[in-house]
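Right, one structure below, let's go through it.
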Amino acid sequence: MEPERRKPEDPAPDGTEPVVFVVDDDLSVRNAIASLIGSVGTRVETFATVPEFLSLDRTDAPACLVLDVRLPGVSGLDLQRELSGRGDPIPVIFITGHGDVPMTVQAMKAGAIEFLTKPFRDQTLLDAIHRRHRARPGGAAAAGEPEAAARALRFADPARA
Amino acid sequence: MTIAILGVGVPADDGILVVASDRPGFPTVIETLLLRSVANQATIAMQAAGVANLQQRVADEIERNVAERTAEITRSNRELREHERELRGLHEQLSDEFDGLARLHEVSNWWTVNAELQTVLEQVLDATIAMQKADFGNVQLYNPVLKALEIVAHRGFGEEFLAHFASVKTDEGAACSRALAGRERVLIEDVTVDPSFAPHREIAARAGYRAVQSTPLISRAGKLLGILSTHFRHPHRPSAHDLRLTDLYARQAAEIIDFRLAAGELRNLAALAENSSDFVAIASLEGVPQFVNAAGREIVGLDRAESVAARQMGDFVHEHDRERFEQEVLPALAQKGRWEGEIQFRSFRTDDPIPMLHHVFYIREGDPRLGIGTISRNITERKRSEDNLRRTQEELAHVTRVMSMGELTASIAHEVNQPLAAVITNGDACLRWLARDVPDLAEARSAVHRIISDARRASDVIGRIRSLCAKSTVEKIHLAVNDLIHESLALASAKVSSHRASVRLELSRELPVVLGDRVQLQQVLLNLIINGIEAMQQVRDRPRRLAIRTGRSNGDVLVAVSDSGIGLDPRTMSRLFDPFFTTKLDGMGLGLSISRRVVEDHGGRLWAEQNPEKGATFTVTLPPADDRMEA
């Protein structure tokens with residue numbers, strides 16, 4: 001786990017600012033994505049394996065998960081199943097370096113927000129992250145948007161997709 | 001004159017004494033006394049003479065008697081001596097008879113003595129020579145392969161004789177030869193006058209014999225096994241009695257030879273079973289084991305001395321295969337008389353399975369079944385080597401340039417894609433850091449550094465893959481297509497066996513060589529083979545058979561790979577060789593397109609056809625090396 005990227009001009013963390021968790025076994029990819037997300041001022045934490053991520057004590061801060069499908073040991077899809085089994089509403093964005101077309105369908109059906117293949121356009125990833133954060137239930141922006149809330153619920157709770 | 005007459009003798013009438021005288025007064029008393037005395041003297045003298053006479057007569061008589069007696073005694077003595085001689089003669093005869101019979105007894109005892117056949121034959125020969133009082137002798141055995149007699153034992157002969165009679169056939173005029181031909185004893189009382197013997201007279205003379213007898217040794221079954229011959233320095237005809245005994249000896253000798261030859265065969269067979277390194281066993285028709293050879297005992301962990309009769313045949317089979325043994329092996333044995341295949345035996349010590357190549361069959365003598373025989377080979381090592389080979393081949397297949405096209409491509413794609421994706425994302429990030437109200441130069445620089453190092457990583461990957469492929473330029477040499485097929489099959493063997501497919505080869509022997517790159521052509525064949533096997537993956541109702549045929553077509557070399565799989569979909573057949581077209585879930589769709597390109601680079605063609613029965617056939621043609629134009 002790498003130190004979170006905090007920039008001097010960004011507001012000090014109060015436990016409620018959104019965070020992006022990135023799980024990918026490739027160091028170059030982790031670093032690049034972390035830099036990208038940091039460049040738009042969002043907090044990011046990176047992990048090389050699923051167990052590392054799961055051992056994190058998470059706060060209530062709005063979060064989303066950028067996850068490589070193929071990981072050594074527990075795969076990204078397994079993690080997604082695990083999280084939905086736990087009733088964890090964290091939105092999941094899959095990235096993959098393989099042409100895993102059939103997996104896309106599987107992942108989306110299981111409630112993933114997005115499925116991107118590397119190399120992806122930076123904007124595509126950032127949009128996906130941004131959308132999920134805004135659509136989160138309990139997020140300030142979601143409070144006054146019932147449809148958005150409902151949509152967010154749907155997206156956030158894969159079990160109800 | 002007065003005459004005095006006195007009687008002489010006793011009584012006094014043997015004679016008279018007459019004395020006359022003129023004297024008067026004759027005989028006076030004294031004279032008379034004297035005359036008496038004289039007469040007495042005369043009587044005594046006469047008596048004495050008479051006695052002497054008598055004595056003489058008696059003596060004569062005695063002498064006569066004595067002479068008679070002596071003559072009688074002498075005669076008696078002579079008679080006694082003659083009797084004695086007769087008795088001695090008889091005694092000798094009896095002795096001889098006894099000896100002869102004793103020898104016969106000995107000969108028959110030789111059955112039970114564990115002596116070499118050679119020793120036994122020499123003993124028979126010695127007995128015969130002694131009994132016949134012969135001077136020389138020999139025993140010949142009949143060699144059925146050469147159809148000739150060969151001397152195996154002899155007494156008293158030298159090199160010349162032995163060389164001359166080393167191998168005797170039926171037409172050679174010698175006694176043994178005639179005995180062989182006629183299967184009857186031959187007696188030659190005098191070799192110097194026997195006409196047929198003429199060619200051998202000189203040899204006989206130098207060897208020192210004038211007479212010979214040859215008795216055939218014929219087994220109980222009527223087979224002539226050899227000849228027993230004796231030779232005599234002087235012309236001689238053995239007595240009927242001698243010949244009778246000789247016949248007895250001969251019969252015994254024949255039986256012993258017969259027995260020993262048969263025993264020798266049996267011993268060889270038994271030794272064969274015992275010395276074999278395979279598991280050799282015999283069981284009764286009910287399946288009760290009676291014999292397991294040493295190697296077999298060792299394989300299954302039985303003690304050398306342990307009786308096997310306490311077990312059943314099925315006990316030797318591992319429980320994993322017991323059912324198969326009862327439902328497949330035993331019925332096949334009962335119906336067809338034999339079964340052959342791989343089955344797991346078990347170790348009596350550890351209970352581990354032991355893979356065996358198992359032959360089981362009925363032992364018959366003619367029609368009737370005598371028992372059940374087994375010859376099985378321990379193939380643990382073979383299986384281990386096969387497994388090793390398979391694993392090595394799998395490893396090999398995954399490493400270096402003989403990976404299948406699809407896998408190689410996918411791995412290249414992934415290995416290069418990761419750093420490239422990072423480069424792009426780093427570039428994006430860098431631009432964003434710079435686009436902030438206050439550009440973060442430090443972050444931007446970091447991003448650029450990461451770009452450079454990621455790009456290098458991608459470049460390294462390409463370099464590694466390039467070196468894996470070893471040859472970037474194609475090297476074309478003379479190749480034998482049949483060899484390429486064997487090589488490609490070896491690489492695919494793991495897939496063949498794990499998919500339970502069988503491969504049938506019909507390789508023409510008369511193929512010209514082709515000019516090509518070994519690796520590339522192996523790739524093509526491997527691709528077709530694996531495609532064929534995968535096409536049969538779902539097949540359950542018919543055998544999964546991959547057939548590879550080579551031959552000639554219009555001068556080109558032809559290779560046809562046929563499977564019994566799901567065949568070709570007519571709707572997609574036209575796109576079969578297009579790049580990235582695939583019907584497989586995890587396929588890249590590059591195998592066939594690359595294969596066709598390789599084949600065309602070699603001046604050949606690759607096409608596919610649906611089989612009239614199930615499955616598809618992919619055919620490659622390649623031009624022969626001599627009329628190939630250099631690419």
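If you're wondering about the labels, chains in the structure tokens are A, B, ... by order shown, residues count from 1 in each chain, ligands from 1 in order shown.
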Using only C-alpha atoms, tabulate the residues of chain B lying at most 10 Å from any atom of chain A, each with its closest atom pair and that distance in Å to one decimal, by chain and increasing residue number, as CSV.
```
residue,atom,partner,partner_atom,distance
B:Ala410,CA,A:His98,CA,8.1
B:Ser411,CA,A:His98,CA,9.4
B:Ala413,CA,A:His98,CA,7.9
B:His414,CA,A:Gly97,CA,6.1
B:Glu415,CA,A:Gly97,CA,8.9
B:Val416,CA,A:Gly97,CA,9.5
B:Asn417,CA,A:Gly97,CA,6.4
B:Gln418,CA,A:Gly97,CA,6.3
B:Pro419,CA,A:Ser28,CA,6.6
B:Leu420,CA,A:Pro119,CA,7.0
B:Ala421,CA,A:Pro119,CA,4.1
B:Ala422,CA,A:Val29,CA,4.9
B:Val423,CA,A:Ala32,CA,7.5
B:Ile424,CA,A:Pro119,CA,6.9
B:Thr425,CA,A:Ala32,CA,5.6
B:Asn426,CA,A:Ala32,CA,4.8
B:Gly427,CA,A:Ala32,CA,8.6
B:Asp428,CA,A:Asp122,CA,6.2
B:Ala429,CA,A:Leu36,CA,4.2
B:Cys430,CA,A:Leu36,CA,7.7
B:Leu431,CA,A:Ser39,CA,8.9
B:Arg432,CA,A:Ser39,CA,5.8
B:Trp433,CA,A:Ser39,CA,5.2
B:Leu434,CA,A:Ser39,CA,8.9
B:Ala435,CA,A:Ser39,CA,9.1
B:Arg436,CA,A:Ser39,CA,8.1
B:Val438,CA,A:Glu9,CA,9.7
B:Pro439,CA,A:Ser39,CA,9.8
B:Asp440,CA,A:Ser39,CA,8.6
B:Glu443,CA,A:Ser35,CA,7.7
B:Ala444,CA,A:Ser35,CA,9.1
B:Ser446,CA,A:Ser35,CA,9.0
B:Ala447,CA,A:Ala32,CA,7.4
B:Arg450,CA,A:Ser28,CA,7.5
B:Ile451,CA,A:Ala32,CA,8.8
B:Ser453,CA,A:Ser28,CA,8.9
B:Asp454,CA,A:Ser28,CA,6.8
B:Arg457,CA,A:Ser28,CA,9.7
B:Leu585,CA,A:Pro102,CA,8.4
B:Asp586,CA,A:Asp100,CA,9.0
B:Met588,CA,A:Gly99,CA,9.4
```
Residue selection dump (C-alpha atoms) as a JSON list (two decimals), in the first residue's frame:
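Okay, out_26.json is ready:
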```json
[["chain", "number", "residue", "atom", "x", "y", "z"],
["B", 410, "ALA", "CA", -1.69, -13.29, -26.38],
["B", 411, "SER", "CA", 1.30, -13.24, -24.15],
["B", 413, "ALA", "CA", -0.07, -8.55, -26.30],
["B", 414, "HIS", "CA", -0.35, -8.58, -22.57],
["B", 415, "GLU", "CA", 3.29, -8.07, -21.80],
["B", 416, "VAL", "CA", 3.52, -5.06, -24.05],
["B", 417, "ASN", "CA", 0.08, -3.73, -23.33],
["B", 418, "GLN", "CA", 0.65, -3.09, -19.65],
["B", 419, "PRO", "CA", 3.61, -0.75, -19.98],
["B", 420, "LEU", "CA", 2.00, 0.95, -22.99],
["B", 421, "ALA", "CA", -1.16, 1.58, -21.02],
["B", 422, "ALA", "CA", 0.92, 3.00, -18.21],
["B", 423, "VAL", "CA", 2.75, 5.24, -20.68],
["B", 424, "ILE", "CA", -0.50, 6.64, -21.98],
["B", 425, "THR", "CA", -1.96, 7.17, -18.55],
["B", 426, "ASN", "CA", 1.25, 8.78, -17.35],
["B", 427, "GLY", "CA", 1.17, 11.08, -20.36],
["B", 428, "ASP", "CA", -2.40, 12.03, -19.59],
["B", 429, "ALA", "CA", -1.56, 12.61, -15.99],
["B", 430, "CYS", "CA", 1.45, 14.72, -16.92],
["B", 431, "LEU", "CA", -0.71, 16.97, -19.08],
["B", 432, "ARG", "CA", -3.23, 17.35, -16.30],
["B", 433, "TRP", "CA", -0.60, 18.21, -13.75],
["B", 434, "LEU", "CA", 0.63, 20.87, -16.14],
["B", 435, "ALA", "CA", -2.91, 22.13, -16.85],
["B", 436, "ARG", "CA", -3.62, 23.03, -13.26],
["B", 438, "VAL", "CA", -0.55, 26.15, -10.69],
["B", 439, "PRO", "CA", 1.18, 23.50, -12.74],
["B", 440, "ASP", "CA", 2.80, 20.84, -10.58],
["B", 443, "GLU", "CA", 4.59, 15.62, -10.55],
["B", 444, "ALA", "CA", 4.83, 16.29, -14.27],
["B", 446, "SER", "CA", 7.80, 12.21, -12.30],
["B", 447, "ALA", "CA", 5.23, 11.27, -14.84],
["B", 450, "ARG", "CA", 7.78, 6.91, -15.48],
["B", 451, "ILE", "CA", 6.91, 7.16, -19.17],
["B", 453, "SER", "CA", 11.01, 3.68, -17.84],
["B", 454, "ASP", "CA", 7.72, 2.06, -18.86],
["B", 457, "ARG", "CA", 10.13, -2.06, -20.18],
["B", 585, "LEU", "CA", -13.81, -19.07, -26.34],
["B", 586, "ASP", "CA", -10.20, -18.42, -25.60],
["B", 588, "MET", "CA", -7.08, -15.43, -30.72]]
```
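Excluding Leu117 in chain B and any residue on its chain fewer than 3 positions from it, the residues at most 9 Å away by only C-alpha atoms are Val120, Leu121, Glu122, Ile256, Ile257, Arg260 and Leu261 of chain B.
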Go ahead and save the residues from that selection, with N, CA and C atoms, as an mmCIF file, in the first residue's frame.
```cif
data_model
loop_
_atom_site.group_PDB
_atom_site.id
_atom_site.type_symbol
_atom_site.label_atom_id
_atom_site.label_comp_id
_atom_site.auth_asym_id
_atom_site.auth_seq_id
_atom_site.Cartn_x
_atom_site.Cartn_y
_atom_site.Cartn_z
ATOM 1 N N VAL B 120 26.231 -90.767 -18.028
ATOM 2 C CA VAL B 120 25.375 -91.949 -18.112
ATOM 3 C C VAL B 120 25.729 -92.764 -19.349
ATOM 4 N N LEU B 121 25.906 -92.086 -20.472
ATOM 5 C CA LEU B 121 26.209 -92.810 -21.709
ATOM 6 C C LEU B 121 27.541 -93.528 -21.596
ATOM 7 N N GLU B 122 28.486 -92.896 -20.935
ATOM 8 C CA GLU B 122 29.785 -93.561 -20.764
ATOM 9 C C GLU B 122 29.643 -94.796 -19.887
ATOM 10 N N ILE B 256 16.818 -93.504 -21.080
ATOM 11 C CA ILE B 256 17.480 -92.443 -20.327
ATOM 12 C C ILE B 256 17.737 -91.240 -21.214
ATOM 13 N N ILE B 257 18.168 -91.495 -22.451
ATOM 14 C CA ILE B 257 18.422 -90.377 -23.361
ATOM 15 C C ILE B 257 17.130 -89.603 -23.588
ATOM 16 N N ARG B 260 16.239 -87.717 -20.530
ATOM 17 C CA ARG B 260 17.103 -86.570 -20.258
ATOM 18 C C ARG B 260 16.894 -85.463 -21.263
ATOM 19 N N LEU B 261 16.631 -85.831 -22.523
ATOM 20 C CA LEU B 261 16.369 -84.792 -23.515
ATOM 21 C C LEU B 261 15.105 -84.042 -23.147
#
```
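Close contacts of Asp24 in chain A, defined as residues with an atom at most 7 Å away when counting only C-alpha atoms, with chain neighbours fewer than 6 positions off set aside, comprise Arg30, Phe47, Ala48, Thr49, Leu67, Asp68 and Leu71 of chain A.
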Once you have the residues from the selection above, write them out as a PDB file, in the first residue's frame, restricted to N, CA and C atoms.
```pdb
ATOM      1  N   ARG A  30      -0.249   0.963 -11.600  1.00  0.00           N
ATOM      2  CA  ARG A  30      -0.700   1.568 -10.328  1.00  0.00           C
ATOM      3  C   ARG A  30      -0.215   3.008 -10.228  1.00  0.00           C
ATOM      4  N   PHE A  47      -3.212  -0.649  -4.166  1.00  0.00           N
ATOM      5  CA  PHE A  47      -2.924  -1.959  -3.575  1.00  0.00           C
ATOM      6  C   PHE A  47      -2.500  -2.925  -4.692  1.00  0.00           C
ATOM      7  N   ALA A  48      -1.609  -3.809  -4.327  1.00  0.00           N
ATOM      8  CA  ALA A  48      -1.145  -4.771  -5.351  1.00  0.00           C
ATOM      9  C   ALA A  48      -2.000  -6.034  -5.378  1.00  0.00           C
ATOM     10  N   THR A  49      -2.621  -6.369  -4.224  1.00  0.00           N
ATOM     11  CA  THR A  49      -3.413  -7.602  -4.186  1.00  0.00           C
ATOM     12  C   THR A  49      -4.724  -7.359  -3.461  1.00  0.00           C
ATOM     13  N   LEU A  67     -10.330  -1.641 -10.375  1.00  0.00           N
ATOM     14  CA  LEU A  67      -9.901  -3.014 -10.080  1.00  0.00           C
ATOM     15  C   LEU A  67      -9.510  -3.743 -11.356  1.00  0.00           C
ATOM     16  N   ASP A  68      -8.339  -4.337 -11.358  1.00  0.00           N
ATOM     17  CA  ASP A  68      -7.965  -5.166 -12.520  1.00  0.00           C
ATOM     18  C   ASP A  68      -8.670  -6.515 -12.392  1.00  0.00           C
ATOM     19  N   LEU A  71      -5.970 -10.870 -11.354  1.00  0.00           N
ATOM     20  CA  LEU A  71      -4.972 -10.624 -10.324  1.00  0.00           C
ATOM     21  C   LEU A  71      -4.451 -11.969  -9.834  1.00  0.00           C
TER      22      LEU A  71
END
```
Within 7 Å of range 609-620 of chain B, counting only C-alpha atoms, which residues qualify if same-chain residues fewer than 5 places away don't, as a ChimeraX atom specification?
/B:558-568
Go ahead and write the residues just picked, C-alpha atoms, as a PDB file, in the first residue's frame.
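Below is the file result17.pdb, written as the result:
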```pdb
ATOM      1  CA  LEU B 558       0.363 -33.642 -49.456  1.00  0.00           C
ATOM      2  CA  VAL B 559      -0.496 -33.765 -45.757  1.00  0.00           C
ATOM      3  CA  ALA B 560      -4.110 -34.287 -44.719  1.00  0.00           C
ATOM      4  CA  VAL B 561      -5.176 -33.951 -41.078  1.00  0.00           C
ATOM      5  CA  SER B 562      -8.661 -35.316 -40.464  1.00  0.00           C
ATOM      6  CA  ASP B 563     -10.683 -35.368 -37.295  1.00  0.00           C
ATOM      7  CA  SER B 564     -13.948 -36.985 -36.292  1.00  0.00           C
ATOM      8  CA  GLY B 565     -15.160 -33.849 -34.548  1.00  0.00           C
ATOM      9  CA  ILE B 566     -17.933 -31.333 -34.930  1.00  0.00           C
ATOM     10  CA  GLY B 567     -17.009 -30.440 -38.470  1.00  0.00           C
ATOM     11  CA  LEU B 568     -17.239 -27.062 -40.205  1.00  0.00           C
TER      12      LEU B 568
END
```
Per DSSP on the backbone, what are the alpha helix (DSSP H) residues of range 162-248 of chain B, as a ChimeraX atom specification?
/B:162-164,175-182,201-207,240-248
Store the residues picked out above, limited to N, CA and C atoms, as a short mmCIF file (atom, residue, chain, number, x, y, z; two decimals), in the first residue's frame.
```cif
data_model
loop_
_atom_site.label_atom_id
_atom_site.label_comp_id
_atom_site.auth_asym_id
_atom_site.auth_seq_id
_atom_site.Cartn_x
_atom_site.Cartn_y
_atom_site.Cartn_z
N LEU B 162 37.94 -91.07 -34.76
CA LEU B 162 36.89 -90.13 -34.33
C LEU B 162 36.60 -89.11 -35.43
N ALA B 163 37.65 -88.69 -36.10
CA ALA B 163 37.44 -87.72 -37.18
C ALA B 163 36.72 -88.37 -38.34
N HIS B 164 37.12 -89.59 -38.64
CA HIS B 164 36.53 -90.27 -39.79
C HIS B 164 35.04 -90.50 -39.59
N ALA B 175 28.88 -100.19 -39.88
CA ALA B 175 27.84 -100.90 -39.12
C ALA B 175 26.82 -99.93 -38.55
N CYS B 176 27.32 -98.83 -37.98
CA CYS B 176 26.38 -97.90 -37.34
C CYS B 176 25.46 -97.28 -38.39
N SER B 177 26.03 -97.00 -39.54
CA SER B 177 25.24 -96.40 -40.60
C SER B 177 24.12 -97.33 -41.02
N ARG B 178 24.44 -98.61 -41.18
CA ARG B 178 23.42 -99.58 -41.58
C ARG B 178 22.39 -99.78 -40.48
N ALA B 179 22.85 -99.71 -39.25
CA ALA B 179 21.91 -99.85 -38.13
C ALA B 179 20.95 -98.66 -38.12
N LEU B 180 21.49 -97.49 -38.44
CA LEU B 180 20.64 -96.29 -38.49
C LEU B 180 19.60 -96.43 -39.58
N ALA B 181 20.06 -96.92 -40.73
CA ALA B 181 19.16 -97.03 -41.87
C ALA B 181 18.08 -98.07 -41.62
N GLY B 182 18.52 -99.23 -41.13
CA GLY B 182 17.58 -100.33 -40.98
C GLY B 182 16.88 -100.37 -39.64
N ARG B 201 37.77 -100.03 -44.29
CA ARG B 201 38.67 -101.10 -43.81
C ARG B 201 39.98 -100.55 -43.30
N GLU B 202 40.51 -99.61 -44.02
CA GLU B 202 41.82 -99.08 -43.60
C GLU B 202 41.75 -98.44 -42.23
N ILE B 203 40.69 -97.66 -42.04
CA ILE B 203 40.54 -96.99 -40.76
C ILE B 203 40.42 -98.03 -39.64
N ALA B 204 39.62 -99.06 -39.93
CA ALA B 204 39.42 -100.09 -38.92
C ALA B 204 40.74 -100.78 -38.61
N ALA B 205 41.49 -101.04 -39.68
CA ALA B 205 42.76 -101.73 -39.47
C ALA B 205 43.68 -100.88 -38.58
N ARG B 206 43.72 -99.59 -38.89
CA ARG B 206 44.61 -98.73 -38.10
C ARG B 206 44.10 -98.56 -36.68
N ALA B 207 42.78 -98.60 -36.55
CA ALA B 207 42.25 -98.48 -35.19
C ALA B 207 42.40 -99.77 -34.42
N ALA B 240 24.41 -115.06 -28.37
CA ALA B 240 23.00 -114.65 -28.27
C ALA B 240 22.74 -114.08 -26.88
N HIS B 241 23.36 -114.69 -25.93
CA HIS B 241 23.21 -114.23 -24.55
C HIS B 241 23.73 -112.81 -24.39
N ASP B 242 24.90 -112.57 -24.97
CA ASP B 242 25.47 -111.21 -24.89
C ASP B 242 24.56 -110.20 -25.56
N LEU B 243 24.03 -110.64 -26.69
CA LEU B 243 23.20 -109.70 -27.44
C LEU B 243 21.90 -109.41 -26.70
N ARG B 244 21.41 -110.45 -26.03
CA ARG B 244 20.20 -110.23 -25.25
C ARG B 244 20.42 -109.16 -24.20
N LEU B 245 21.53 -109.29 -23.49
CA LEU B 245 21.85 -108.28 -22.47
C LEU B 245 22.09 -106.92 -23.12
N THR B 246 22.76 -106.96 -24.27
CA THR B 246 23.02 -105.69 -24.96
C THR B 246 21.71 -104.99 -25.29
N ASP B 247 20.73 -105.79 -25.72
CA ASP B 247 19.42 -105.18 -26.01
C ASP B 247 18.83 -104.52 -24.77
N LEU B 248 18.97 -105.23 -23.65
CA LEU B 248 18.44 -104.64 -22.43
C LEU B 248 19.14 -103.32 -22.11
#
```
Within 8 Å of Thr42 in chain A, counting only C-alpha atoms, which residues show up once you throw out same-chain ones fewer than 5 positions away? Write them as a PDB file with C-alpha atoms, in the first residue's frame, please.
```pdb
ATOM      1  CA  PRO A  18     -13.956  10.832  -1.688  1.00  0.00           C
ATOM      2  CA  VAL A  19     -11.199   8.281  -2.195  1.00  0.00           C
ATOM      3  CA  VAL A  20     -10.375   5.966  -5.084  1.00  0.00           C
ATOM      4  CA  ILE A  37      -6.302  10.580 -10.294  1.00  0.00           C
TER       5      ILE A  37
END
```
Between CA of Arg445 in chain B and CA of Leu65 in chain A lies a distance of 26.9 Å
I'd like the neighbourhood of range 320-324 of chain B as a PyMOL selection string, where a residue qualifies if any of its atoms comes within 10 Å (using only C-alpha atoms), though same-chain residues fewer than 5 positions away should be ignored.
chain B and resi 314-315+329-330+343-346+353
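Rounded to one decimal, CA of Val212 in chain B and CA of Glu150 in chain B lie 17.2 Å from each other.
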Could you state the separation of CA of Leu526 in chain B and CA of Asn554 in chain B in Å, given to one decimal place?
24.8 Å
